[in-house]
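Student: The following file, data_38.pdb, comprises PDB, C-alpha atoms, pLDDT in the B column:
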ATOM      1  CA  MET F 151       0.000   0.000   0.000  1.00 48.00           C
ATOM      2  CA  SER F 152       1.119   3.532  -0.713  1.00 49.00           C
ATOM      3  CA  ASN F 153       2.006   6.052   1.986  1.00 61.00           C
ATOM      4  CA  GLY F 154      -1.165   7.314   3.610  1.00 72.00           C
ATOM      5  CA  ILE F 155      -2.170  10.924   3.203  1.00 84.00           C
ATOM      6  CA  LEU F 156      -5.336  10.590   5.213  1.00 92.00           C
ATOM      7  CA  THR F 157      -7.039   7.823   7.179  1.00 95.00           C
ATOM      8  CA  LEU F 158     -10.744   7.907   7.945  1.00 95.00           C
ATOM      9  CA  VAL F 159     -12.355   5.520  10.431  1.00 96.00           C
ATOM     10  CA  TYR F 160     -16.088   4.891  10.812  1.00 96.00           C
ATOM     11  CA  ASP F 161     -18.284   2.721  12.959  1.00 94.00           C
ATOM     12  CA  ILE F 162     -20.952   0.774  11.082  1.00 94.00           C
ATOM     13  CA  PRO F 163     -23.989   0.218  13.304  1.00 90.00           C
ATOM     14  CA  ALA F 164     -25.859  -3.100  13.120  1.00 84.00           C
ATOM     15  CA  MET F 165     -29.251  -3.250  11.335  1.00 77.00           C
ATOM     16  CA  ASP F 166     -29.582   0.511  11.306  1.00 83.00           C
ATOM     17  CA  MET F 167     -31.102   1.083   7.906  1.00 82.00           C
ATOM     18  CA  ILE F 168     -31.624   4.791   8.557  1.00 82.00           C
ATOM     19  CA  SER F 169     -28.020   5.784   9.082  1.00 83.00           C
ATOM     20  CA  ALA F 170     -26.729   3.084   6.723  1.00 85.00           C
ATOM     21  CA  GLY F 171     -24.613   4.571   3.982  1.00 87.00           C
ATOM     22  CA  GLU F 172     -23.484   7.564   6.007  1.00 88.00           C
ATOM     23  CA  ALA F 173     -19.842   6.467   6.065  1.00 92.00           C
ATOM     24  CA  SER F 174     -19.757   6.117   2.256  1.00 93.00           C
ATOM     25  CA  SER F 175     -21.526   9.451   1.765  1.00 91.00           C
ATOM     26  CA  ASN F 176     -19.004  11.097   4.073  1.00 92.00           C
ATOM     27  CA  VAL F 177     -16.061   9.569   2.203  1.00 95.00           C
ATOM     28  CA  LYS F 178     -17.546  10.749  -1.073  1.00 94.00           C
ATOM     29  CA  LYS F 179     -17.717  14.325   0.225  1.00 92.00           C
ATOM     30  CA  LYS F 180     -14.153  14.173   1.563  1.00 93.00           C
ATOM     31  CA  LEU F 181     -12.778  12.867  -1.751  1.00 94.00           C
ATOM     32  CA  LYS F 182     -14.620  15.577  -3.671  1.00 93.00           C
ATOM     33  CA  GLN F 183     -13.118  18.203  -1.369  1.00 93.00           C
ATOM     34  CA  LEU F 184      -9.674  16.715  -2.024  1.00 92.00           C
ATOM     35  CA  GLY F 185     -10.272  17.143  -5.760  1.00 93.00           C
ATOM     36  CA  VAL F 186     -10.110  13.430  -6.588  1.00 94.00           C
ATOM     37  CA  ASN F 187     -11.201  12.518 -10.146  1.00 94.00           C
ATOM     38  CA  PRO F 188     -15.041  12.168 -10.137  1.00 93.00           C
ATOM     39  CA  LEU F 189     -14.876   8.705 -11.734  1.00 94.00           C
ATOM     40  CA  ILE F 190     -12.643   7.454  -8.933  1.00 96.00           C
ATOM     41  CA  VAL F 191     -14.914   9.092  -6.358  1.00 95.00           C
ATOM     42  CA  LYS F 192     -17.877   7.203  -7.823  1.00 94.00           C
ATOM     43  CA  LYS F 193     -16.012   3.871  -7.818  1.00 96.00           C
ATOM     44  CA  VAL F 194     -14.890   4.339  -4.213  1.00 96.00           C
ATOM     45  CA  SER F 195     -18.253   5.449  -2.904  1.00 94.00           C
ATOM     46  CA  ILE F 196     -20.242   2.704  -4.652  1.00 95.00           C
ATOM     47  CA  SER F 197     -17.804  -0.013  -3.534  1.00 97.00           C
ATOM     48  CA  MET F 198     -17.843   1.276  -0.012  1.00 97.00           C
ATOM     49  CA  TYR F 199     -21.627   1.631   0.101  1.00 96.00           C
ATOM     50  CA  GLU F 200     -22.098  -1.973  -1.026  1.00 96.00           C
ATOM     51  CA  ALA F 201     -19.621  -3.207   1.583  1.00 96.00           C
ATOM     52  CA  GLU F 202     -21.177  -1.027   4.257  1.00 95.00           C
ATOM     53  CA  MET F 203     -24.665  -2.306   3.450  1.00 94.00           C
ATOM     54  CA  ASN F 204     -23.407  -5.886   3.602  1.00 94.00           C
ATOM     55  CA  ALA F 205     -22.061  -5.240   7.099  1.00 94.00           C
ATOM     56  CA  VAL F 206     -25.368  -3.638   8.138  1.00 92.00           C
ATOM     57  CA  ILE F 207     -27.612  -6.302   6.598  1.00 90.00           C
ATOM     58  CA  HIS F 208     -25.708  -9.553   7.027  1.00 91.00           C
ATOM     59  CA  ALA F 209     -23.408  -8.934   9.955  1.00 91.00           C
ATOM     60  CA  ASN F 210     -23.812  -7.166  13.237  1.00 86.00           C
ATOM     61  CA  GLY F 211     -22.253  -4.006  11.922  1.00 91.00           C
ATOM     62  CA  GLY F 212     -18.550  -3.371  12.083  1.00 94.00           C
ATOM     63  CA  SER F 213     -16.052  -0.758  11.076  1.00 96.00           C
ATOM     64  CA  ALA F 214     -14.750   0.950   7.977  1.00 97.00           C
ATOM     65  CA  THR F 215     -11.231   2.287   7.552  1.00 97.00           C
ATOM     66  CA  VAL F 216     -10.369   4.306   4.482  1.00 97.00           C
ATOM     67  CA  ASN F 217      -6.722   4.966   3.699  1.00 96.00           C
ATOM     68  CA  ILE F 218      -6.226   7.632   1.083  1.00 95.00           C
ATOM     69  CA  GLY F 219      -2.738   7.276  -0.330  1.00 93.00           C
ATOM     70  CA  THR F 220      -0.781   8.979  -3.051  1.00 91.00           C
ATOM     71  CA  ASP F 221      -1.664   6.459  -5.754  1.00 93.00           C
ATOM     72  CA  GLU F 222      -4.613   4.508  -4.413  1.00 95.00           C
ATOM     73  CA  ILE F 223      -7.441   4.385  -1.917  1.00 97.00           C
ATOM     74  CA  VAL F 224      -7.821   1.322   0.262  1.00 97.00           C
ATOM     75  CA  ILE F 225     -11.085   0.606   2.040  1.00 98.00           C
ATOM     76  CA  ILE F 226     -11.165  -1.998   4.795  1.00 98.00           C
ATOM     77  CA  ILE F 227     -14.548  -3.141   6.056  1.00 97.00           C
ATOM     78  CA  GLU F 228     -14.517  -5.497   9.024  1.00 97.00           C
ATOM     79  CA  ASP F 229     -17.645  -6.982  10.501  1.00 95.00           C
ATOM     80  CA  ARG F 230     -18.583  -9.146  13.415  1.00 89.00           C
ATOM     81  CA  GLY F 231     -21.066 -11.211  11.475  1.00 92.00           C
ATOM     82  CA  PRO F 232     -21.567 -14.896  10.789  1.00 94.00           C
ATOM     83  CA  GLY F 233     -18.907 -15.085   8.073  1.00 96.00           C
ATOM     84  CA  ILE F 234     -19.339 -16.144   4.447  1.00 95.00           C
ATOM     85  CA  GLU F 235     -19.704 -19.880   4.004  1.00 94.00           C
ATOM     86  CA  ASN F 236     -18.755 -20.014   0.344  1.00 94.00           C
ATOM     87  CA  ILE F 237     -16.942 -16.948  -1.017  1.00 95.00           C
ATOM     88  CA  ASP F 238     -17.000 -18.193  -4.634  1.00 95.00           C
ATOM     89  CA  LEU F 239     -20.775 -18.527  -4.454  1.00 95.00           C
ATOM     90  CA  ALA F 240     -21.131 -15.124  -2.764  1.00 95.00           C
ATOM     91  CA  MET F 241     -19.188 -13.561  -5.641  1.00 96.00           C
ATOM     92  CA  LYS F 242     -21.739 -14.839  -8.166  1.00 94.00           C
ATOM     93  CA  GLU F 243     -24.147 -12.211  -9.410  1.00 93.00           C
ATOM     94  CA  GLY F 244     -27.656 -13.029  -8.199  1.00 92.00           C
ATOM     95  CA  TYR F 245     -26.661 -15.153  -5.209  1.00 93.00           C
ATOM     96  CA  SER F 246     -27.865 -13.733  -1.905  1.00 93.00           C
ATOM     97  CA  THR F 247     -28.700 -14.911   1.605  1.00 92.00           C
ATOM     98  CA  ALA F 248     -30.564 -11.695   2.484  1.00 92.00           C
ATOM     99  CA  SER F 249     -33.877 -11.881   4.349  1.00 91.00           C
ATOM    100  CA  ASP F 250     -37.212 -11.155   2.675  1.00 91.00           C
ATOM    101  CA  GLU F 251     -37.519  -7.965   4.711  1.00 89.00           C
ATOM    102  CA  VAL F 252     -34.236  -6.642   3.328  1.00 90.00           C
ATOM    103  CA  ARG F 253     -35.142  -7.739  -0.206  1.00 92.00           C
ATOM    104  CA  GLN F 254     -38.385  -5.779   0.007  1.00 91.00           C
ATOM    105  CA  MET F 255     -36.253  -2.692   0.500  1.00 91.00           C
ATOM    106  CA  GLY F 256     -34.458  -3.319  -2.773  1.00 92.00           C
ATOM    107  CA  PHE F 257     -31.342  -4.865  -1.265  1.00 92.00           C
ATOM    108  CA  GLY F 258     -30.253  -8.496  -1.448  1.00 90.00           C
ATOM    109  CA  ALA F 259     -30.109  -8.681  -5.231  1.00 90.00           C
ATOM    110  CA  GLY F 260     -26.877 -10.634  -4.994  1.00 93.00           C
ATOM    111  CA  MET F 261     -24.949  -7.844  -6.648  1.00 93.00           C
ATOM    112  CA  GLY F 262     -23.059  -6.325  -3.732  1.00 94.00           C
ATOM    113  CA  LEU F 263     -19.773  -8.198  -3.951  1.00 96.00           C
ATOM    114  CA  PRO F 264     -19.806  -8.365  -7.797  1.00 95.00           C
ATOM    115  CA  ASN F 265     -20.388  -4.582  -7.848  1.00 95.00           C
ATOM    116  CA  ILE F 266     -17.417  -4.056  -5.543  1.00 97.00           C
ATOM    117  CA  LYS F 267     -15.229  -6.241  -7.746  1.00 97.00           C
ATOM    118  CA  LYS F 268     -16.342  -4.371 -10.859  1.00 96.00           C
ATOM    119  CA  ASN F 269     -15.566  -0.976  -9.351  1.00 96.00           C
ATOM    120  CA  SER F 270     -12.208  -1.828  -7.768  1.00 97.00           C
ATOM    121  CA  ASP F 271      -8.706  -2.777  -8.838  1.00 97.00           C
ATOM    122  CA  SER F 272      -8.407  -5.455  -6.185  1.00 97.00           C
ATOM    123  CA  LEU F 273     -10.739  -7.084  -3.716  1.00 98.00           C
ATOM    124  CA  ASN F 274      -9.522  -9.377  -0.985  1.00 98.00           C
ATOM    125  CA  ILE F 275     -12.017 -11.222   1.217  1.00 97.00           C
ATOM    126  CA  GLU F 276     -11.112 -13.031   4.424  1.00 97.00           C
ATOM    127  CA  SER F 277     -13.931 -14.685   6.269  1.00 97.00           C
ATOM    128  CA  GLU F 278     -14.237 -16.984   9.239  1.00 96.00           C
ATOM    129  CA  ILE F 279     -17.490 -18.705  10.135  1.00 96.00           C
ATOM    130  CA  GLY F 280     -18.869 -17.388  13.400  1.00 94.00           C
ATOM    131  CA  LYS F 281     -16.222 -14.668  13.650  1.00 94.00           C
ATOM    132  CA  GLY F 282     -16.723 -12.209  10.809  1.00 95.00           C
ATOM    133  CA  THR F 283     -15.525 -10.975   7.466  1.00 97.00           C
ATOM    134  CA  ARG F 284     -12.817  -8.554   6.360  1.00 97.00           C
ATOM    135  CA  LEU F 285     -12.932  -6.917   2.955  1.00 98.00           C
ATOM    136  CA  GLU F 286      -9.971  -5.030   1.566  1.00 98.00           C
ATOM    137  CA  ILE F 287     -10.848  -2.990  -1.500  1.00 98.00           C
ATOM    138  CA  ALA F 288      -8.205  -1.053  -3.422  1.00 98.00           C
ATOM    139  CA  ILE F 289      -8.897   1.531  -6.095  1.00 98.00           C
ATOM    140  CA  LYS F 290      -5.993   3.156  -7.931  1.00 96.00           C
ATOM    141  CA  PHE F 291      -6.097   6.795  -8.944  1.00 92.00           C
ATOM    142  CA  THR F 292      -5.042   5.797 -12.435  1.00 85.00           C
ATOM    143  CA  SER F 293      -7.791   3.178 -12.923  1.00 66.00           C
TER     144      SER F 293
ATOM    145  CA  MET M 140     -33.849  19.874 -19.455  1.00 94.00           C
ATOM    146  CA  ASP M 141     -33.868  20.151 -15.694  1.00 97.00           C
ATOM    147  CA  VAL M 142     -35.748  18.498 -12.859  1.00 98.00           C
ATOM    148  CA  LYS M 143     -38.059  21.486 -12.423  1.00 98.00           C
ATOM    149  CA  MET M 144     -39.310  21.129 -15.987  1.00 97.00           C
ATOM    150  CA  ILE M 145     -40.242  17.485 -15.369  1.00 98.00           C
ATOM    151  CA  ALA M 146     -42.115  18.446 -12.212  1.00 98.00           C
ATOM    152  CA  ASP M 147     -43.915  21.345 -13.905  1.00 98.00           C
ATOM    153  CA  LYS M 148     -44.788  19.717 -17.225  1.00 97.00           C
ATOM    154  CA  LEU M 149     -45.841  16.383 -15.792  1.00 97.00           C
ATOM    155  CA  ASN M 150     -47.634  17.778 -12.728  1.00 97.00           C
ATOM    156  CA  MET M 151     -45.431  15.999 -10.251  1.00 98.00           C
ATOM    157  CA  LYS M 152     -45.283  17.034  -6.636  1.00 98.00           C
ATOM    158  CA  VAL M 153     -41.923  18.301  -5.423  1.00 98.00           C
ATOM    159  CA  LEU M 154     -41.749  16.461  -2.118  1.00 98.00           C
ATOM    160  CA  ALA M 155     -38.212  17.443  -1.115  1.00 98.00           C
ATOM    161  CA  GLY M 156     -34.843  18.674  -2.307  1.00 98.00           C
ATOM    162  CA  LYS M 157     -35.990  21.932  -3.903  1.00 97.00           C
ATOM    163  CA  LYS M 158     -32.353  23.102  -3.909  1.00 97.00           C
ATOM    164  CA  GLY M 159     -31.593  20.578  -6.643  1.00 98.00           C
ATOM    165  CA  LEU M 160     -34.449  21.425  -9.036  1.00 98.00           C
ATOM    166  CA  GLY M 161     -32.005  23.011 -11.453  1.00 98.00           C
ATOM    167  CA  MET M 162     -30.103  19.751 -11.981  1.00 98.00           C
ATOM    168  CA  LYS M 163     -29.905  18.613 -15.572  1.00 97.00           C
ATOM    169  CA  VAL M 164     -31.690  15.439 -16.648  1.00 96.00           C
ATOM    170  CA  GLU M 165     -30.040  13.579 -19.502  1.00 95.00           C
ATOM    171  CA  ASP M 166     -31.516  10.115 -19.188  1.00 95.00           C
ATOM    172  CA  ILE M 167     -34.132   8.005 -17.408  1.00 97.00           C
ATOM    173  CA  TYR M 168     -33.625   4.923 -15.287  1.00 98.00           C
ATOM    174  CA  ALA M 169     -36.360   2.789 -13.727  1.00 98.00           C
ATOM    175  CA  CYS M 170     -35.439   0.004 -11.321  1.00 97.00           C
ATOM    176  CA  ASP M 171     -36.172  -1.104  -7.768  1.00 97.00           C
ATOM    177  CA  LEU M 172     -33.033  -3.118  -7.079  1.00 95.00           C
ATOM    178  CA  LEU M 173     -30.673  -0.682  -5.457  1.00 95.00           C
ATOM    179  CA  SER M 174     -27.404  -2.398  -6.380  1.00 94.00           C
ATOM    180  CA  TRP M 175     -28.646  -2.645  -9.941  1.00 93.00           C
ATOM    181  CA  VAL M 176     -29.280   1.085 -10.006  1.00 96.00           C
ATOM    182  CA  MET M 177     -25.792   1.854  -8.723  1.00 94.00           C
ATOM    183  CA  ALA M 178     -24.266  -0.499 -11.269  1.00 92.00           C
ATOM    184  CA  ARG M 179     -26.263   0.504 -14.323  1.00 94.00           C
ATOM    185  CA  ALA M 180     -27.873   3.926 -14.073  1.00 96.00           C
ATOM    186  CA  GLU M 181     -26.199   6.630 -16.116  1.00 95.00           C
ATOM    187  CA  LYS M 182     -25.099   9.755 -14.314  1.00 94.00           C
ATOM    188  CA  ALA M 183     -27.625  12.635 -14.484  1.00 96.00           C
ATOM    189  CA  SER M 184     -30.572  10.258 -14.906  1.00 97.00           C
ATOM    190  CA  ALA M 185     -34.021  10.776 -13.450  1.00 98.00           C
ATOM    191  CA  TRP M 186     -34.507   7.626 -11.344  1.00 98.00           C
ATOM    192  CA  ILE M 187     -37.992   6.171 -11.089  1.00 98.00           C
ATOM    193  CA  THR M 188     -38.684   3.792  -8.226  1.00 98.00           C
ATOM    194  CA  ILE M 189     -41.429   2.598  -5.904  1.00 97.00           C
ATOM    195  CA  HIS M 190     -39.098   2.513  -2.921  1.00 97.00           C
ATOM    196  CA  SER M 191     -39.585   5.287  -0.433  1.00 96.00           C
ATOM    197  CA  HIS M 192     -37.185   4.474   2.406  1.00 94.00           C
ATOM    198  CA  VAL M 193     -34.256   6.680   3.279  1.00 94.00           C
ATOM    199  CA  ASN M 194     -31.626   4.575   1.512  1.00 94.00           C
ATOM    200  CA  ILE M 195     -32.852   5.752  -1.891  1.00 96.00           C
ATOM    201  CA  VAL M 196     -31.277   9.133  -1.152  1.00 96.00           C
ATOM    202  CA  ALA M 197     -27.846   7.575  -0.598  1.00 94.00           C
ATOM    203  CA  VAL M 198     -28.188   5.515  -3.781  1.00 95.00           C
ATOM    204  CA  ALA M 199     -29.158   8.565  -5.840  1.00 96.00           C
ATOM    205  CA  LEU M 200     -26.227  10.552  -4.483  1.00 94.00           C
ATOM    206  CA  LEU M 201     -23.694   7.779  -4.994  1.00 93.00           C
ATOM    207  CA  ALA M 202     -24.879   7.103  -8.532  1.00 94.00           C
ATOM    208  CA  GLU M 203     -24.958  10.872  -9.211  1.00 94.00           C
ATOM    209  CA  LEU M 204     -28.570  10.886 -10.328  1.00 97.00           C
ATOM    210  CA  SER M 205     -30.515  14.087 -10.932  1.00 98.00           C
ATOM    211  CA  CYS M 206     -33.635  13.250  -8.987  1.00 98.00           C
ATOM    212  CA  ILE M 207     -35.728  10.481  -7.498  1.00 98.00           C
ATOM    213  CA  ILE M 208     -39.258  10.053  -8.816  1.00 98.00           C
ATOM    214  CA  VAL M 209     -41.424   7.923  -6.585  1.00 98.00           C
ATOM    215  CA  SER M 210     -44.112   6.580  -8.875  1.00 98.00           C
ATOM    216  CA  GLU M 211     -47.475   4.809  -8.568  1.00 98.00           C
ATOM    217  CA  GLY M 212     -48.642   7.091  -5.746  1.00 97.00           C
ATOM    218  CA  VAL M 213     -46.361   5.535  -3.148  1.00 97.00           C
ATOM    219  CA  LYS M 214     -46.179   7.630   0.006  1.00 97.00           C
ATOM    220  CA  VAL M 215     -42.631   8.701   0.825  1.00 97.00           C
ATOM    221  CA  GLU M 216     -41.337   8.278   4.356  1.00 94.00           C
ATOM    222  CA  SER M 217     -40.663  11.510   6.241  1.00 96.00           C
ATOM    223  CA  ASN M 218     -37.045  10.682   7.110  1.00 95.00           C
ATOM    224  CA  THR M 219     -36.389  10.162   3.386  1.00 96.00           C
ATOM    225  CA  LEU M 220     -37.692  13.647   2.657  1.00 98.00           C
ATOM    226  CA  GLU M 221     -35.630  15.150   5.478  1.00 96.00           C
ATOM    227  CA  ARG M 222     -32.456  13.501   4.166  1.00 95.00           C
ATOM    228  CA  ALA M 223     -33.231  14.563   0.595  1.00 97.00           C
ATOM    229  CA  ASP M 224     -33.699  18.173   1.758  1.00 97.00           C
ATOM    230  CA  MET M 225     -30.414  18.003   3.604  1.00 95.00           C
ATOM    231  CA  GLU M 226     -28.568  16.636   0.578  1.00 94.00           C
ATOM    232  CA  GLY M 227     -30.390  18.771  -1.991  1.00 96.00           C
ATOM    233  CA  ILE M 228     -31.569  15.846  -4.090  1.00 97.00           C
ATOM    234  CA  PRO M 229     -35.089  16.394  -5.466  1.00 98.00           C
ATOM    235  CA  VAL M 230     -37.753  13.826  -4.689  1.00 98.00           C
ATOM    236  CA  LEU M 231     -40.792  14.051  -6.963  1.00 98.00           C
ATOM    237  CA  GLY M 232     -44.026  12.160  -6.471  1.00 98.00           C
ATOM    238  CA  THR M 233     -46.431  10.977  -9.141  1.00 98.00           C
ATOM    239  CA  THR M 234     -49.455   8.734  -9.317  1.00 98.00           C
ATOM    240  CA  MET M 235     -48.441   7.603 -12.807  1.00 98.00           C
ATOM    241  CA  LYS M 236     -47.327   4.031 -13.239  1.00 98.00           C
ATOM    242  CA  THR M 237     -43.593   3.523 -13.647  1.00 98.00           C
ATOM    243  CA  HIS M 238     -43.712   2.720 -17.366  1.00 98.00           C
ATOM    244  CA  ARG M 239     -45.965   5.706 -18.090  1.00 98.00           C
ATOM    245  CA  THR M 240     -43.588   7.969 -16.160  1.00 98.00           C
ATOM    246  CA  CYS M 241     -40.710   6.738 -18.351  1.00 98.00           C
ATOM    247  CA  ILE M 242     -42.688   7.389 -21.534  1.00 98.00           C
ATOM    248  CA  GLU M 243     -43.737  10.889 -20.498  1.00 97.00           C
ATOM    249  CA  ILE M 244     -40.205  11.931 -19.515  1.00 97.00           C
ATOM    250  CA  HIS M 245     -38.802  10.374 -22.662  1.00 96.00           C
ATOM    251  CA  ASN M 246     -41.267  12.410 -24.759  1.00 96.00           C
ATOM    252  CA  LEU M 247     -40.350  15.537 -22.846  1.00 95.00           C
ATOM    253  CA  ILE M 248     -36.628  14.990 -23.449  1.00 92.00           C
ATOM    254  CA  LYS M 249     -37.265  14.400 -27.177  1.00 91.00           C
ATOM    255  CA  ARG M 250     -39.400  17.542 -27.469  1.00 91.00           C
ATOM    256  CA  GLU M 251     -36.721  19.599 -25.754  1.00 88.00           C
ATOM    257  CA  GLN M 252     -34.017  18.197 -28.007  1.00 86.00           C
ATOM    258  CA  LYS M 253     -35.991  19.256 -31.093  1.00 87.00           C
ATOM    259  CA  LYS M 254     -36.225  22.866 -29.935  1.00 81.00           C
TER     260      LYS M 254
END
Would it be possible to restate this file's structure as structure tokens?

Tutor:
Amino acid sequence: MSNGILTLVYDIPAMDMISAGEASSNVKKKLKQLGVNPLIVKKVSISMYEAEMNAVIHANGGSATVNIGTDEIVIIIEDRGPGIENIDLAMKEGYSTASDEVRQMGFGAGMGLPNIKKNSDSLNIESEIGKGTRLEIAIKFTS
Amino acid sequence: MDVKMIADKLNMKVLAGKKGLGMKVEDIYACDLLSWVMARAEKASAWITIHSHVNIVAVALLAELSCIIVSEGVKVESNTLERADMEGIPVLGTTMKTHRTCIEIHNLIKREQKK
């Protein structure tokens, strides 16, 4: 990872659909203020929103750390949820374990992780059943 | 064409986000799957949905959409309107069905392009 210019840390509350997405919205504003290319801002904020919503919906919340470096932005989302049983399956577009209640809100389309992959330069997922999941998403300024 | 013109010409109610009524509308997108919207909607689109919960504001902002049009007469939750006011993203309400809303806006865009 590149030298950090700025590190932002957020708490992601569990099952709080009202404040969900606040961390991503805040990061978007910060990046705009820093004059980051709008396309990169969009990629970062969409990736982070998807990851944040996953932590809200599937896990018991968690934390988000955003490291803004000189050549890339790295987002780390850690949750305290049940873990992902089969990461390959979770990466497939359309696969979701979301509840009906969440689906009725327009989430749980099975596009979260694929959307993150599409918008990032690298995505690393570490997950342990019963312990939680850690996502590391990197987006380069040149991408 | 801007959001205000859509509201005025198609008799839609401006429910929130009056600050953003001057935003340009270049395309239309209708979908109720939020991840799908973020993945596929073009920037500066008018987004038509039947969702009314607060997360639609975040989705519209992240996807850089011009406005949210809640169709089919769905009542919009008050915290959604508060957030939209705060962020300056217009929320319009219509009783038209989603497909009819698309057609009417499409016709409006075409008419404006001919001028």

Student: Using all atoms listed in the file, find each residue of chain M with at least one atom at most 12 Å away from an atom of chain F; report its shortest atom-to-atom pair and that distance in Å (one decimal), sort the rows by chain and rising residue number, and return the result as CSV.

Tutor:
residue,atom,partner,partner_atom,distance
M:Cys170,CA,F:Gly256,CA,9.2
M:Asp171,CA,F:Gly256,CA,5.7
M:Leu172,CA,F:Gly256,CA,4.5
M:Leu173,CA,F:Gly256,CA,5.3
M:Ser174,CA,F:Met261,CA,6.0
M:Trp175,CA,F:Met261,CA,7.2
M:Val176,CA,F:Gly256,CA,9.9
M:Met177,CA,F:Ile196,CA,6.9
M:Ala178,CA,F:Asn265,CA,6.6
M:Arg179,CA,F:Asn265,CA,10.1
M:Glu181,CA,F:Lys192,CA,11.8
M:Lys182,CA,F:Lys192,CA,10.0
M:Thr188,CA,F:Gly256,CA,9.9
M:Ile189,CA,F:Gly256,CA,9.7
M:His190,CA,F:Met255,CA,6.8
M:Ser191,CA,F:Met255,CA,8.7
M:His192,CA,F:Met255,CA,7.5
M:Val193,CA,F:Ile168,CA,6.2
M:Asn194,CA,F:Ile168,CA,7.0
M:Ile195,CA,F:Gly256,CA,9.3
M:Val196,CA,F:Gly171,CA,9.6
M:Ala197,CA,F:Gly171,CA,6.4
M:Val198,CA,F:Ile196,CA,8.5
M:Ala199,CA,F:Ile196,CA,10.7
M:Leu200,CA,F:Ser175,CA,7.9
M:Leu201,CA,F:Ile196,CA,6.1
M:Ala202,CA,F:Lys192,CA,7.0
M:Glu203,CA,F:Lys192,CA,8.1
M:Leu204,CA,F:Lys192,CA,11.6
M:Glu216,CA,F:Ile168,CA,11.1
M:Ser217,CA,F:Ile168,CA,11.5
M:Asn218,CA,F:Ile168,CA,8.1
M:Thr219,CA,F:Ile168,CA,8.8
M:Glu221,CA,F:Ile168,CA,11.5
M:Arg222,CA,F:Ile168,CA,9.8
M:Glu226,CA,F:Ser175,CA,10.1

Student: Measure the distance from CA of Ala214 in chain F to CA of Pro229 in chain M in Å and round it to one decimal.

Tutor: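 Going from CA of Ala214 in chain F over to CA of Pro229 in chain M, I get 28.9 Å.
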
Student: Return the padded bounding box of range 220-229 of chain M as JSON: axis-aligned, built from all atoms listed in the file, 4 Å added on each side, with centre and edge lengths in Å to one decimal.

Tutor:
{"center_x": -33.1, "center_y": 16.1, "center_z": 0.0, "size_x": 17.1, "size_y": 13.3, "size_z": 18.9}

Student: Can you tell me which residues surround Val206 in chain F at a distance of at most 9 Å, considering all atoms listed in the file, apart from same-chain residues fewer than 5 positions away, and format the answer as an NGL selection string?

Tutor: :F and (162-167 or 170 or 201 or 211-212 or 229)

Student: Name the residues that the PyMOL selection byres ((chain F and resi 220) around 9) pulls out of this structure, and write them as an mmCIF file with C-alpha atoms, keeping the file's coordinate frame.

Tutor:
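What follows is the written file selection_22.cif:
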data_model
loop_
_atom_site.group_PDB
_atom_site.id
_atom_site.type_symbol
_atom_site.label_atom_id
_atom_site.label_comp_id
_atom_site.auth_asym_id
_atom_site.auth_seq_id
_atom_site.Cartn_x
_atom_site.Cartn_y
_atom_site.Cartn_z
ATOM 1 C CA SER F 152 1.119 3.532 -0.713
ATOM 2 C CA ASN F 153 2.006 6.052 1.986
ATOM 3 C CA GLY F 154 -1.165 7.314 3.610
ATOM 4 C CA ILE F 155 -2.170 10.924 3.203
ATOM 5 C CA ILE F 218 -6.226 7.632 1.083
ATOM 6 C CA GLY F 219 -2.738 7.276 -0.330
ATOM 7 C CA ASP F 221 -1.664 6.459 -5.754
ATOM 8 C CA GLU F 222 -4.613 4.508 -4.413
ATOM 9 C CA ILE F 223 -7.441 4.385 -1.917
ATOM 10 C CA PHE F 291 -6.097 6.795 -8.944
#

Student: One number please: CA of Val213 in chain M to CA of Ile167 in chain M, in Å, one decimal.

Tutor: 18.9 Å

Student: As an exercise, work out the distance from CA of Pro232 in chain F to CA of Ile279 in chain F in Å and give it to one decimal place.

Tutor: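 Straight-line distance from CA of Pro232 in chain F to CA of Ile279 in chain F works out to 5.6 Å.
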
Student: From the set F:Arg230, F:Ile225, F:His208, F:Arg284, which residue has the shortest atom-to-atom contact distance to Val252 in chain F, counting all atoms listed in the file?

Tutor: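 Nearest to Val252 in chain F: F:His208.
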
Student: Residues at most 9 Å from Ile275 in chain F, counting all atoms listed in the file, excluding those fewer than 3 positions away in the same chain, as a PyMOL selection string?

Tutor: chain F and resi 237+283-287

Student: Using the chain letters and numbers from this file, what does the PyMOL selection byres ((chain M and resi 144) around 10) select? Give the answer as an MDAnalysis selection string.

Tutor: chainID M and resid 140:143 145:151 160:161 163:164 244 247
